[in-house]
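Q: Next comes the structure file coords-v4.txt, holding compact mmCIF, C-alpha atoms.
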# COMPACT_ATOMS: atom_id res chain seq x y z
CA MET A 1 16.88 36.49 -7.94
CA ASN A 2 20.58 36.85 -7.28
CA PRO A 3 23.01 34.43 -8.94
CA ARG A 4 23.85 32.56 -5.71
CA ARG A 5 20.22 31.82 -4.97
CA LYS A 6 19.69 30.84 -8.57
CA LYS A 7 22.59 28.37 -8.32
CA ARG A 8 21.19 26.85 -5.13
CA LEU A 9 17.73 26.60 -6.67
CA THR A 10 19.14 24.80 -9.73
CA LEU A 11 21.11 22.45 -7.48
CA ALA A 12 18.08 21.63 -5.33
CA VAL A 13 15.83 21.04 -8.33
CA ALA A 14 18.51 18.89 -10.01
CA LEU A 15 18.80 16.86 -6.79
CA ILE A 16 15.05 16.18 -6.69
CA ALA A 17 14.93 15.34 -10.41
CA GLY A 18 17.92 13.00 -10.08
CA VAL A 19 16.52 11.13 -7.12
CA ALA A 20 13.11 10.89 -8.81
CA ALA A 21 14.73 9.43 -11.95
CA VAL A 22 16.77 6.91 -9.93
CA ALA A 23 13.74 5.88 -7.88
CA SER A 24 11.47 5.43 -10.89
CA LEU A 25 14.08 3.33 -12.75
CA LEU A 26 14.60 1.23 -9.64
CA LEU A 27 10.90 0.70 -9.13
CA TYR A 28 10.46 -0.08 -12.82
CA ALA A 29 13.20 -2.71 -12.61
CA LEU A 30 11.77 -4.19 -9.43
CA ASN A 31 8.20 -3.93 -10.64
CA SER A 32 7.22 -7.60 -10.61
CA ASN A 33 9.09 -8.29 -7.35
CA LEU A 34 7.12 -5.61 -5.53
CA ASN A 35 3.89 -7.45 -6.13
CA LEU A 36 2.88 -9.27 -3.01
CA PHE A 37 1.38 -12.29 -4.73
CA TYR A 38 0.84 -14.37 -7.86
CA THR A 39 -2.65 -14.41 -9.32
CA PRO A 40 -4.13 -17.87 -10.06
CA TYR A 41 -3.75 -17.21 -13.80
CA GLU A 42 -0.06 -16.44 -13.35
CA ILE A 43 0.54 -19.75 -11.57
CA THR A 44 -0.50 -21.76 -14.61
CA HIS A 45 0.63 -19.34 -17.34
CA GLY A 46 3.61 -17.54 -15.78
CA LYS A 47 3.91 -13.94 -14.59
CA ASN A 48 2.31 -11.39 -16.89
CA ASP A 49 5.48 -9.38 -17.55
CA THR A 50 8.32 -11.89 -17.13
CA GLY A 51 6.62 -15.21 -17.86
CA VAL A 52 8.22 -16.77 -14.76
CA LYS A 53 6.24 -19.74 -13.46
CA PRO A 54 6.46 -20.86 -9.84
CA GLU A 55 8.04 -24.29 -9.42
CA LEU A 56 6.53 -27.19 -7.54
CA GLY A 57 7.52 -27.15 -3.88
CA GLN A 58 8.16 -23.41 -3.98
CA ARG A 59 6.78 -21.18 -1.21
CA ILE A 60 4.55 -18.59 -2.83
CA ARG A 61 1.72 -16.22 -2.11
CA ILE A 62 -1.38 -16.21 -4.24
CA GLY A 63 -4.15 -13.64 -4.27
CA GLY A 64 -7.63 -13.85 -5.72
CA MET A 65 -11.31 -14.30 -5.02
CA VAL A 66 -12.72 -17.32 -3.17
CA THR A 67 -14.99 -19.03 -5.70
CA MET A 68 -18.67 -19.14 -4.71
CA GLY A 69 -19.79 -22.61 -3.63
CA SER A 70 -16.27 -24.07 -3.65
CA MET A 71 -15.78 -24.13 0.11
CA LYS A 72 -15.57 -27.64 1.58
CA ARG A 73 -15.18 -28.04 5.32
CA ASP A 74 -14.19 -31.22 7.11
CA PRO A 75 -16.90 -31.61 9.84
CA ASP A 76 -14.46 -32.97 12.45
CA SER A 77 -11.40 -30.76 12.04
CA LEU A 78 -10.35 -27.31 10.93
CA HIS A 79 -9.35 -28.63 7.50
CA VAL A 80 -10.89 -26.56 4.70
CA GLU A 81 -10.56 -26.69 0.97
CA PHE A 82 -11.61 -23.93 -1.41
CA ALA A 83 -10.90 -22.62 -4.87
CA VAL A 84 -9.42 -19.20 -5.64
CA HIS A 85 -10.01 -17.60 -9.02
CA ASP A 86 -9.25 -14.30 -10.76
CA SER A 87 -10.82 -12.26 -13.53
CA ALA A 88 -8.38 -13.71 -16.11
CA GLY A 89 -9.90 -17.16 -15.65
CA GLY A 90 -7.24 -18.96 -13.61
CA THR A 91 -8.24 -21.24 -10.73
CA VAL A 92 -6.17 -22.74 -7.92
CA SER A 93 -7.42 -24.99 -5.16
CA VAL A 94 -6.21 -24.23 -1.66
CA THR A 95 -6.13 -26.45 1.44
CA TYR A 96 -5.73 -25.01 4.92
CA ASP A 97 -5.72 -26.39 8.48
CA ASP A 98 -6.07 -23.39 10.74
CA LEU A 99 -8.52 -20.70 11.82
CA LEU A 100 -9.66 -18.43 9.00
CA PRO A 101 -9.75 -14.64 9.55
CA ASP A 102 -13.05 -12.93 10.38
CA LEU A 103 -13.46 -11.43 6.94
CA PHE A 104 -13.07 -14.75 5.12
CA ARG A 105 -16.07 -15.85 3.07
CA GLU A 106 -16.94 -16.97 -0.42
CA GLY A 107 -16.66 -14.15 -2.93
CA GLN A 108 -14.12 -12.32 -0.75
CA GLY A 109 -10.58 -11.47 -1.84
CA ILE A 110 -7.84 -13.36 0.01
CA VAL A 111 -4.07 -13.76 0.01
CA ALA A 112 -2.78 -17.24 0.87
CA GLN A 113 0.82 -18.18 1.56
CA GLY A 114 1.96 -21.78 1.23
CA VAL A 115 3.70 -24.45 -0.75
CA LEU A 116 2.69 -25.31 -4.30
CA VAL A 117 2.28 -29.10 -4.02
CA GLU A 118 1.14 -29.74 -7.56
CA SER A 119 0.25 -27.47 -10.45
CA GLY A 120 -2.87 -25.64 -9.37
CA LYS A 121 -2.86 -26.85 -5.78
CA LEU A 122 -1.58 -24.86 -2.83
CA GLU A 123 -1.08 -26.14 0.71
CA ALA A 124 -1.55 -22.93 2.66
CA THR A 125 0.16 -22.14 5.95
CA GLU A 126 -1.38 -18.69 6.22
CA VAL A 127 -4.62 -17.27 4.84
CA LEU A 128 -5.18 -13.51 4.99
CA ALA A 129 -8.42 -11.78 4.10
CA LYS A 130 -8.04 -8.87 1.74
CA HIS A 131 -10.48 -6.13 2.55
CA ASP A 132 -11.88 -3.96 -0.24
CA GLU A 133 -12.36 -0.22 -0.12
CA ASN A 134 -16.14 -0.34 0.44
CA TYR A 135 -17.67 0.64 3.73
CA MET A 136 -21.43 0.69 4.37
CA PRO A 137 -23.98 0.05 7.12
CA PRO A 138 -25.59 -3.45 7.22
CA GLU A 139 -29.01 -2.15 6.06
CA VAL A 140 -27.50 -0.63 2.93
CA ALA A 141 -25.55 -3.82 2.22
CA GLU A 142 -28.72 -5.86 2.59
CA ALA A 143 -30.55 -3.59 0.18
CA MET A 144 -27.74 -4.08 -2.33
CA GLY A 145 -27.95 -7.82 -1.90
CA GLN A 146 -24.61 -8.21 -0.16
CA THR A 147 -24.47 -9.99 3.14
CA HIS A 148 -21.59 -11.26 5.16
CA GLU A 149 -21.54 -14.40 7.26
CA LYS A 150 -18.54 -15.09 9.39
CA PRO A 151 -16.97 -18.55 9.19
CA THR A 152 -18.39 -20.85 11.87
CA TYR A 153 -16.57 -23.63 13.68
CA ASN A 154 -17.98 -26.47 15.71
CA GLN A 155 -16.81 -26.82 19.29
CA LYS A 156 -15.00 -30.11 18.74
CA ALA A 157 -12.79 -28.77 15.97
CA LEU A 158 -11.82 -25.76 18.07
CA GLU A 159 -10.94 -27.87 21.10
CA GLU A 160 -8.67 -30.10 19.05
CA LYS A 161 -6.68 -27.10 17.90
CA MET B 1 4.19 40.59 -2.55
CA TRP B 2 7.57 38.87 -2.15
CA LYS B 3 8.81 41.79 -0.14
CA TRP B 4 5.81 41.56 2.18
CA LEU B 5 6.30 37.82 2.58
CA HIS B 6 9.99 38.32 3.21
CA SER B 7 9.33 40.45 6.26
CA TYR B 8 8.00 37.32 8.02
CA ALA B 9 11.42 35.69 7.68
CA ASP B 10 12.41 37.98 10.55
CA PRO B 11 12.36 35.72 13.67
CA GLU B 12 10.58 38.28 15.84
CA ARG B 13 7.73 38.73 13.38
CA ALA B 14 7.48 34.99 12.76
CA TYR B 15 7.30 34.44 16.53
CA LYS B 16 4.51 37.02 16.94
CA LEU B 17 2.55 35.78 13.92
CA SER B 18 2.63 32.17 15.12
CA GLY B 19 1.50 33.41 18.53
CA THR B 20 -1.56 35.04 16.95
CA LEU B 21 -2.36 31.98 14.84
CA LEU B 22 -1.97 29.43 17.64
CA PRO B 23 -5.33 29.96 19.44
CA TRP B 24 -7.22 29.64 16.12
CA PHE B 25 -5.51 26.38 15.25
CA SER B 26 -5.96 24.87 18.71
CA THR B 27 -9.64 25.88 19.01
CA LEU B 28 -10.42 24.44 15.56
CA ALA B 29 -8.42 21.30 16.36
CA ILE B 30 -10.30 20.63 19.60
CA LEU B 31 -13.68 21.33 17.98
CA LEU B 32 -13.10 19.23 14.85
CA VAL B 33 -11.31 16.27 16.43
CA GLY B 34 -13.90 16.25 19.24
CA THR B 35 -16.87 16.29 16.84
CA GLY B 36 -15.34 13.85 14.37
CA SER B 37 -14.24 11.33 16.99
CA ILE B 38 -17.46 11.33 19.01
CA TRP B 39 -19.57 11.13 15.85
CA GLY B 40 -17.38 8.47 14.31
CA LEU B 41 -16.77 6.31 17.36
CA LEU B 42 -20.24 6.49 18.93
CA PHE B 43 -22.86 7.45 16.35
CA ALA B 44 -21.71 6.35 12.89
CA PRO B 45 -23.38 3.09 11.74
CA THR B 46 -21.49 -0.20 11.98
CA ASP B 47 -19.96 -1.70 8.85
CA TYR B 48 -21.70 -4.65 7.15
CA GLN B 49 -18.54 -6.79 7.14
CA GLN B 50 -16.29 -5.59 9.92
CA GLY B 51 -18.87 -4.61 12.55
CA ASP B 52 -17.41 -2.14 15.02
CA SER B 53 -13.77 -2.94 14.25
CA TYR B 54 -13.82 -0.58 11.28
CA ARG B 55 -14.09 2.43 13.63
CA ILE B 56 -10.30 2.54 13.93
CA ILE B 57 -10.47 4.16 10.47
CA PHE B 58 -11.44 7.43 12.20
CA ILE B 59 -7.94 7.54 13.73
CA HIS B 60 -5.93 5.53 11.20
CA VAL B 61 -6.81 7.37 7.99
CA PRO B 62 -6.43 10.93 9.40
CA ALA B 63 -3.09 9.92 10.97
CA ALA B 64 -1.83 8.31 7.76
CA SER B 65 -2.85 11.14 5.44
CA MET B 66 -1.49 13.77 7.82
CA SER B 67 1.81 11.87 8.12
CA MET B 68 2.25 12.50 4.39
CA ALA B 69 0.94 16.09 4.52
CA ALA B 70 3.30 16.92 7.41
CA TYR B 71 6.20 15.49 5.41
CA MET B 72 5.31 17.71 2.44
CA GLY B 73 5.16 20.69 4.79
CA MET B 74 8.55 19.84 6.23
CA ALA B 75 10.12 19.31 2.81
CA ILE B 76 8.77 22.60 1.45
CA ALA B 77 10.10 24.45 4.51
CA SER B 78 13.50 22.76 4.03
CA PHE B 79 13.50 23.68 0.34
CA ILE B 80 12.82 27.36 1.11
CA GLY B 81 15.43 27.27 3.84
CA LEU B 82 18.00 25.71 1.53
CA VAL B 83 17.47 27.86 -1.55
CA TRP B 84 16.72 31.26 -0.03
CA GLN B 85 18.71 30.53 3.15
CA ILE B 86 15.89 31.66 5.40
CA LYS B 87 16.61 30.39 8.88
CA SER B 88 12.98 30.74 10.02
CA ALA B 89 12.03 28.14 7.40
CA ASP B 90 14.73 25.74 8.65
CA TRP B 91 13.36 26.05 12.16
CA ALA B 92 9.87 25.29 10.90
CA ALA B 93 11.14 22.07 9.28
CA ALA B 94 12.89 21.11 12.52
CA ALA B 95 9.67 21.83 14.43
CA ILE B 96 7.51 19.56 12.20
CA ALA B 97 9.80 16.48 12.08
CA PRO B 98 9.07 14.91 15.52
CA ILE B 99 5.32 15.52 15.13
CA GLY B 100 5.37 13.80 11.77
CA ALA B 101 7.28 10.86 13.23
CA VAL B 102 4.72 10.42 16.02
CA ILE B 103 1.74 10.64 13.67
CA THR B 104 3.36 8.11 11.29
CA PHE B 105 3.90 5.79 14.24
CA ILE B 106 0.23 6.17 15.21
CA ALA B 107 -0.82 5.29 11.65
CA LEU B 108 1.37 2.16 11.67
CA LEU B 109 0.19 1.11 15.13
CA THR B 110 -3.54 1.54 14.46
CA GLY B 111 -3.11 -0.22 11.11
CA ALA B 112 -1.47 -3.21 12.80
CA ALA B 113 -4.17 -3.35 15.48
CA TRP B 114 -6.83 -3.44 12.75
CA GLY B 115 -4.90 -5.85 10.54
CA LYS B 116 -4.68 -8.59 13.15
CA PRO B 117 -8.45 -9.29 13.44
CA MET B 118 -9.36 -8.32 9.85
CA TRP B 119 -6.54 -9.60 7.64
CA GLY B 120 -5.28 -12.15 10.13
CA THR B 121 -1.81 -10.65 10.57
CA TRP B 122 -0.18 -7.69 12.33
CA TRP B 123 2.23 -6.97 9.55
CA VAL B 124 2.90 -7.97 5.98
CA TRP B 125 5.71 -6.62 3.79
CA ASP B 126 3.50 -5.24 1.05
CA ALA B 127 4.23 -2.02 -0.83
CA ARG B 128 1.94 0.28 1.19
CA LEU B 129 3.03 -0.87 4.65
CA THR B 130 6.72 -0.93 3.75
CA SER B 131 6.73 2.53 2.19
CA GLU B 132 4.93 3.97 5.24
CA LEU B 133 7.62 2.39 7.44
CA VAL B 134 10.26 4.03 5.23
CA LEU B 135 8.49 7.35 5.90
CA LEU B 136 8.94 6.80 9.64
CA PHE B 137 12.67 6.13 9.11
CA LEU B 138 12.96 9.29 6.98
CA TYR B 139 11.45 11.34 9.80
CA LEU B 140 13.81 9.71 12.32
CA GLY B 141 16.75 10.42 9.98
CA VAL B 142 15.81 14.10 9.68
CA ILE B 143 15.40 14.40 13.47
CA SER B 144 18.73 12.76 14.26
CA LEU B 145 20.66 14.67 11.57
CA TYR B 146 19.31 17.97 12.91
CA ALA B 147 20.18 16.96 16.47
CA SER B 148 23.69 15.69 15.72
CA PHE B 149 25.28 18.98 14.58
CA GLU B 150 26.28 21.62 17.09
CA ASP B 151 26.15 24.27 14.34
CA LYS B 152 22.42 24.56 13.57
CA VAL B 153 22.95 26.19 10.15
CA LEU B 154 24.91 23.14 9.06
CA ALA B 155 22.42 20.84 10.79
CA ALA B 156 19.51 22.41 8.91
CA ARG B 157 21.35 22.02 5.60
CA ALA B 158 22.09 18.33 6.17
CA SER B 159 18.61 17.41 7.44
CA GLY B 160 17.03 19.63 4.76
CA ILE B 161 18.72 17.72 1.95
CA LEU B 162 17.50 14.41 3.41
CA ALA B 163 13.96 15.81 3.77
CA ILE B 164 13.94 16.99 0.14
CA VAL B 165 15.32 13.70 -1.21
CA GLY B 166 12.72 11.77 0.82
CA VAL B 167 9.84 13.54 -0.97
CA ILE B 168 10.06 10.83 -3.63
CA ASN B 169 8.57 8.42 -1.07
CA ILE B 170 5.28 10.37 -0.84
CA PRO B 171 3.86 9.48 -4.30
CA ILE B 172 5.11 5.92 -3.74
CA ILE B 173 3.05 5.65 -0.54
CA LYS B 174 0.03 7.26 -2.16
CA TYR B 175 -0.04 5.11 -5.30
CA SER B 176 1.50 1.88 -3.95
CA VAL B 177 -1.93 0.26 -3.71
CA ASP B 178 -2.68 1.07 -7.36
CA TRP B 179 0.70 0.24 -8.89
CA TRP B 180 1.31 -3.12 -7.24
CA SER B 181 -0.82 -5.89 -5.84
CA SER B 182 -0.92 -5.40 -2.09
CA LEU B 183 -2.85 -6.65 0.90
CA HIS B 184 -3.78 -3.09 1.84
CA GLN B 185 -7.04 -1.93 0.23
CA PRO B 186 -7.09 0.97 -2.28
CA SER B 187 -8.22 4.39 -1.09
CA THR B 188 -11.83 4.84 -0.05
CA ILE B 189 -11.98 8.63 -0.29
CA ARG B 190 -11.94 9.75 -3.90
CA ILE B 191 -11.55 13.33 -4.95
CA THR B 192 -12.71 13.08 -8.55
CA GLU B 193 -15.44 10.45 -8.18
CA LYS B 194 -17.86 9.21 -5.55
CA SER B 195 -16.18 7.86 -2.41
CA THR B 196 -16.81 4.18 -1.73
CA MET B 197 -18.13 4.82 1.74
CA SER B 198 -21.63 5.65 2.89
CA THR B 199 -21.97 9.36 3.69
CA ASP B 200 -22.82 9.02 7.39
CA MET B 201 -19.41 7.34 7.84
CA LEU B 202 -17.62 9.68 5.43
CA TYR B 203 -18.52 13.00 7.12
CA PRO B 204 -17.01 12.21 10.54
CA LEU B 205 -13.95 10.83 8.74
CA LEU B 206 -13.47 14.02 6.71
CA ILE B 207 -14.01 16.15 9.84
CA ASN B 208 -11.35 14.15 11.64
CA ILE B 209 -8.89 14.48 8.75
CA PHE B 210 -9.21 18.28 8.86
CA GLY B 211 -9.13 18.17 12.65
CA PHE B 212 -5.87 16.20 12.64
CA GLY B 213 -4.47 18.77 10.20
CA MET B 214 -5.36 21.60 12.58
CA MET B 215 -3.97 19.65 15.53
CA ILE B 216 -0.63 19.11 13.79
CA GLY B 217 -0.63 22.80 12.82
CA ALA B 218 -1.20 23.82 16.44
CA ILE B 219 1.53 21.55 17.86
CA THR B 220 3.91 22.68 15.10
CA LEU B 221 3.29 26.34 16.05
CA ILE B 222 4.08 25.63 19.71
CA ARG B 223 7.30 23.80 18.77
CA TYR B 224 8.16 26.49 16.21
CA ARG B 225 7.89 29.24 18.83
CA THR B 226 10.20 27.43 21.25
CA GLU B 227 12.63 26.67 18.40
CA ILE B 228 12.76 30.38 17.49
CA LEU B 229 13.41 31.33 21.12
CA ALA B 230 16.11 28.67 21.48
CA ARG B 231 17.96 29.88 18.36
CA ASN B 232 17.69 33.59 19.20
CA GLY B 233 18.56 33.56 22.89
CA MET B 234 21.15 36.29 22.39
CA ARG B 235 18.84 38.72 20.60
CA PRO B 236 17.61 41.77 22.53
CA TRP B 237 13.93 41.13 21.73
CA VAL B 238 14.10 37.66 23.30
CA ARG B 239 15.81 39.13 26.37
CA ASP B 240 13.07 41.75 26.59
CA LEU B 241 10.49 38.98 26.42
CA ALA B 242 12.25 37.08 29.20
CA THR B 243 12.56 40.11 31.48
CA ALA B 244 8.92 41.05 30.81
CA GLU B 245 7.94 37.49 31.76
CA GLU B 246 10.00 37.65 34.93
CA ALA B 247 8.53 40.98 35.96
CA LYS B 248 5.02 39.49 35.96
Please, can you express the file's structure as structure tokens?
A:
Amino acid sequence: MNPRRKKRLTLAVALIAGVAAVASLLLYALNSNLNLFYTPYEITHGKNDTGVKPELGQRIRIGGMVTMGSMKRDPDSLHVEFAVHDSAGGTVSVTYDDLLPDLFREGQGIVAQGVLVESGKLEATEVLAKHDENYMPPEVAEAMGQTHEKPTYNQKALEEK
Amino acid sequence: MWKWLHSYADPERAYKLSGTLLPWFSTLAILLVGTGSIWGLLFAPTDYQQGDSYRIIFIHVPAASMSMAAYMGMAIASFIGLVWQIKSADWAAAAIAPIGAVITFIALLTGAAWGKPMWGTWWVWDARLTSELVLLFLYLGVISLYASFEDKVLAARASGILAIVGVINIPIIKYSVDWWSSLHQPSTIRITEKSTMSTDMLYPLLINIFGFGMMIGAITLIRYRTEILARNGMRPWVRDLATAEEAK
């Protein structure tokens, strides 16, 4: 390799290495801010890495699993109340007054955005279903003991909306 | 071996070689994308949770993975062009950029269309979606830098540097779902362990991913050939080609 090419090669490699170093430091510094949501455990105990707790009245996103059997639906309106938990043992109760996404069900991962009204209680303005990476035909799911029922609404509640 | 490879840096040989490769790429692309799409969209079983809505995966995932693969291709071409100053490599990078931009746009669009019914929103600023959007902007930056210089040697150098710097975004896109909590699900297709998808859905998906690769290859070759002709208009062999075409 002639010296000019060698120089250009060194320059190009140095450029890539430099940018990679800058980007990784930046991402490391931003780490906790790049997370989309708090987990229920982090709401009561503070963020895992920084220990920052959300304040009351703050708009936050939380992400976790809808606890089995926790779903309470008001028969006359769209108002629902359910608990969200995570593997670390935190629980937060969530209230919501709008249509839930198709994938919403108990045991499913969700991300809810809203205002923290009291410690461990979120008034959600948006509930998003988090899909997992598993895809299978219904027969296979049935054989594995996993079924999915979509949320149902009565006609009256829908008309009021 | 290097000497043999070097002979393809000659524009005329590169033009002829890409002409020979083109029919192979296009035939494979039509066959694979045709099989994969028909199998995936019509015959693959429905999903237990999403019903038929999941079928957009047969377009979304190939488009998204190829948007990253095309970027790697472009960056490698730019790197070779920059270090060894091989103009044919610069032209290849310029040929890939718009195709990559379109395929990235398709990935973003199909993702949004799926996100609305499934997640409940078109868009959310999580790490995966944002970094894929940055990829689209990188492509647009490379395209506009290359187009904004009259002197194409200078243009290739400027856009090449941007393309190489942007490579850092590729691992960020790939691992964003593992490093940070995001709304986007982690990858379904695993290389080292069993994929989390039933096989009669996985095969059409894999076929389509390879098919999209071939399709991008074929379109790149077409654009590459025109780019070579446009940059070598003064050369005798291009003139011979033109006169031979006119004589027909």
Q: Here is a test: counting all atoms listed in the file, which residue of A:Val80, A:Ala129, A:Val66, A:Leu103 is nearest to Ser53 in chain B?
A: A:Leu103
Q: Using all atoms listed in the file, which residue out of A:Tyr28, A:Tyr96, A:Tyr135, A:Tyr41 lies closest to chain B?
A: A:Tyr135
Q: With all atoms listed in the file counted, which protein, DNA or RNA residues have an atom no more than 10 Å from (12.1, 15.8, 9.3) in the file frame? Please answer as number ranges by chain.
A: B: 70-75, 78, 92-101, 135-146, 156, 159-160, 162-164, 166
Q: Go ahead and write the selection's residues with C-alpha atoms as an mmCIF file, keeping the file's coordinate frame.
A:
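So the final result, stored in part00.cif, reads:
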data_model
loop_
_atom_site.group_PDB
_atom_site.id
_atom_site.type_symbol
_atom_site.label_atom_id
_atom_site.label_comp_id
_atom_site.auth_asym_id
_atom_site.auth_seq_id
_atom_site.Cartn_x
_atom_site.Cartn_y
_atom_site.Cartn_z
ATOM 1 C CA ALA B 70 3.300 16.920 7.410
ATOM 2 C CA TYR B 71 6.200 15.490 5.410
ATOM 3 C CA MET B 72 5.310 17.710 2.440
ATOM 4 C CA GLY B 73 5.160 20.690 4.790
ATOM 5 C CA MET B 74 8.550 19.840 6.230
ATOM 6 C CA ALA B 75 10.120 19.310 2.810
ATOM 7 C CA SER B 78 13.500 22.760 4.030
ATOM 8 C CA ALA B 92 9.870 25.290 10.900
ATOM 9 C CA ALA B 93 11.140 22.070 9.280
ATOM 10 C CA ALA B 94 12.890 21.110 12.520
ATOM 11 C CA ALA B 95 9.670 21.830 14.430
ATOM 12 C CA ILE B 96 7.510 19.560 12.200
ATOM 13 C CA ALA B 97 9.800 16.480 12.080
ATOM 14 C CA PRO B 98 9.070 14.910 15.520
ATOM 15 C CA ILE B 99 5.320 15.520 15.130
ATOM 16 C CA GLY B 100 5.370 13.800 11.770
ATOM 17 C CA ALA B 101 7.280 10.860 13.230
ATOM 18 C CA LEU B 135 8.490 7.350 5.900
ATOM 19 C CA LEU B 136 8.940 6.800 9.640
ATOM 20 C CA PHE B 137 12.670 6.130 9.110
ATOM 21 C CA LEU B 138 12.960 9.290 6.980
ATOM 22 C CA TYR B 139 11.450 11.340 9.800
ATOM 23 C CA LEU B 140 13.810 9.710 12.320
ATOM 24 C CA GLY B 141 16.750 10.420 9.980
ATOM 25 C CA VAL B 142 15.810 14.100 9.680
ATOM 26 C CA ILE B 143 15.400 14.400 13.470
ATOM 27 C CA SER B 144 18.730 12.760 14.260
ATOM 28 C CA LEU B 145 20.660 14.670 11.570
ATOM 29 C CA TYR B 146 19.310 17.970 12.910
ATOM 30 C CA ALA B 156 19.510 22.410 8.910
ATOM 31 C CA SER B 159 18.610 17.410 7.440
ATOM 32 C CA GLY B 160 17.030 19.630 4.760
ATOM 33 C CA LEU B 162 17.500 14.410 3.410
ATOM 34 C CA ALA B 163 13.960 15.810 3.770
ATOM 35 C CA ILE B 164 13.940 16.990 0.140
ATOM 36 C CA GLY B 166 12.720 11.770 0.820
#
Q: Would you compute the distance between CA of Pro137 in chain A and CA of Val84 in chain A? Give it in Å to one decimal.
A: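 If I compute the distance from CA of Pro137 in chain A to CA of Val84 in chain A, I get 27.3 Å.
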Q: Which residue, B:Gly211, B:Gly111, B:Gly120, B:Gly233, has the smallest gap to Ala112 in chain A when you use only C-alpha atoms?
A: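 Closest candidate: B:Gly120.
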Q: Could you list, as number ranges by chain, the residues of chain A having an atom within 8 Å of chain B when counting only C-alpha atoms?
A: A: 5-6, 8-9, 12, 15-16, 19-20, 23, 31, 34-37, 100-103, 111, 127-139, 141, 147-148
Q: Distance CA of Pro171 in chain B-CA of Ala69 in chain B, one decimal place?
A: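 Interatomic distance here is 11.4 Å.
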Q: So how many Å separate CA of Tyr203 in chain B and CA of Ile170 in chain B, to one decimal?
A: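 CA of Ile170 in chain B lies at a distance of 25.2 Å from CA of Tyr203 in chain B.
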Q: Can you tell me which residues surround Thr91 in chain A at a distance of at most 9 Å, considering only C-alpha atoms, apart from same-chain residues fewer than 5 positions away, and format the answer as a list in words?
A: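 Everything that qualifies: Thr39, Pro40, Tyr41, Ile43, Thr44, Gly64, Thr67, Ala83, Val84, His85, Asp86 and Gly120 of chain A.
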Q: I want to know what sits within 10 Å of Ile57 in chain B, based on only C-alpha atoms, with residues of the same chain fewer than 2 positions away left out; could you give that as JSON, numbers by chain?
A: {"B": [40, 41, 53, 54, 55, 59, 60, 61, 62, 63, 64, 107, 110, 111, 114, 201, 205]}
Q: Which neighbours of Met71 in chain A fall inside 12 Å, counting only C-alpha atoms, when residues of the same chain fewer than 6 positions from it are skipped, and could you give them as a list in words?
A: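 Using only C-alpha atoms, the neighbours found are Met65, His79, Val80, Glu81, Phe82, Ala83, Val84, Ser93, Val94, Thr95, Tyr96, Phe104, Arg105, Glu106, Gly107, Gln108 and Pro151 of chain A.
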Q: Residues as selected, C-alpha atoms, written as a short mmCIF file (atom, residue, chain, number, x, y, z; two decimals), in the coordinates of the input, can you do that?
A:
data_model
loop_
_atom_site.label_atom_id
_atom_site.label_comp_id
_atom_site.auth_asym_id
_atom_site.auth_seq_id
_atom_site.Cartn_x
_atom_site.Cartn_y
_atom_site.Cartn_z
CA MET A 65 -11.31 -14.30 -5.02
CA HIS A 79 -9.35 -28.63 7.50
CA VAL A 80 -10.89 -26.56 4.70
CA GLU A 81 -10.56 -26.69 0.97
CA PHE A 82 -11.61 -23.93 -1.41
CA ALA A 83 -10.90 -22.62 -4.87
CA VAL A 84 -9.42 -19.20 -5.64
CA SER A 93 -7.42 -24.99 -5.16
CA VAL A 94 -6.21 -24.23 -1.66
CA THR A 95 -6.13 -26.45 1.44
CA TYR A 96 -5.73 -25.01 4.92
CA PHE A 104 -13.07 -14.75 5.12
CA ARG A 105 -16.07 -15.85 3.07
CA GLU A 106 -16.94 -16.97 -0.42
CA GLY A 107 -16.66 -14.15 -2.93
CA GLN A 108 -14.12 -12.32 -0.75
CA PRO A 151 -16.97 -18.55 9.19
#
Q: I want to know what sits within 8 Å of Trp91 in chain B, based on only C-alpha atoms, with residues of the same chain fewer than 6 positions away left out; could you give that as a PyMOL selection string?
A: chain B and resi 156+224+227-228
Q: Using all atoms listed in the file, determine which residues lie at most 8 Å from Thr125 in chain A, disregarding the query and same-chain residues fewer than 5 positions distant; provide the list as a list in words.
A: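 Non-adjacent residues within range: Tyr96, Asp97, Asp98, Ala112, Gln113, Gly114 and Val115 of chain A.
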Q: Could you check the closest approach to Asn232 in chain B for each of B:Asp178, B:Asp52, B:Glu12, B:Glu193 and tell me which residue wins, using only C-alpha atoms?
A: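 That would be B:Glu12, the residue with the smallest distance to Asn232 in chain B.
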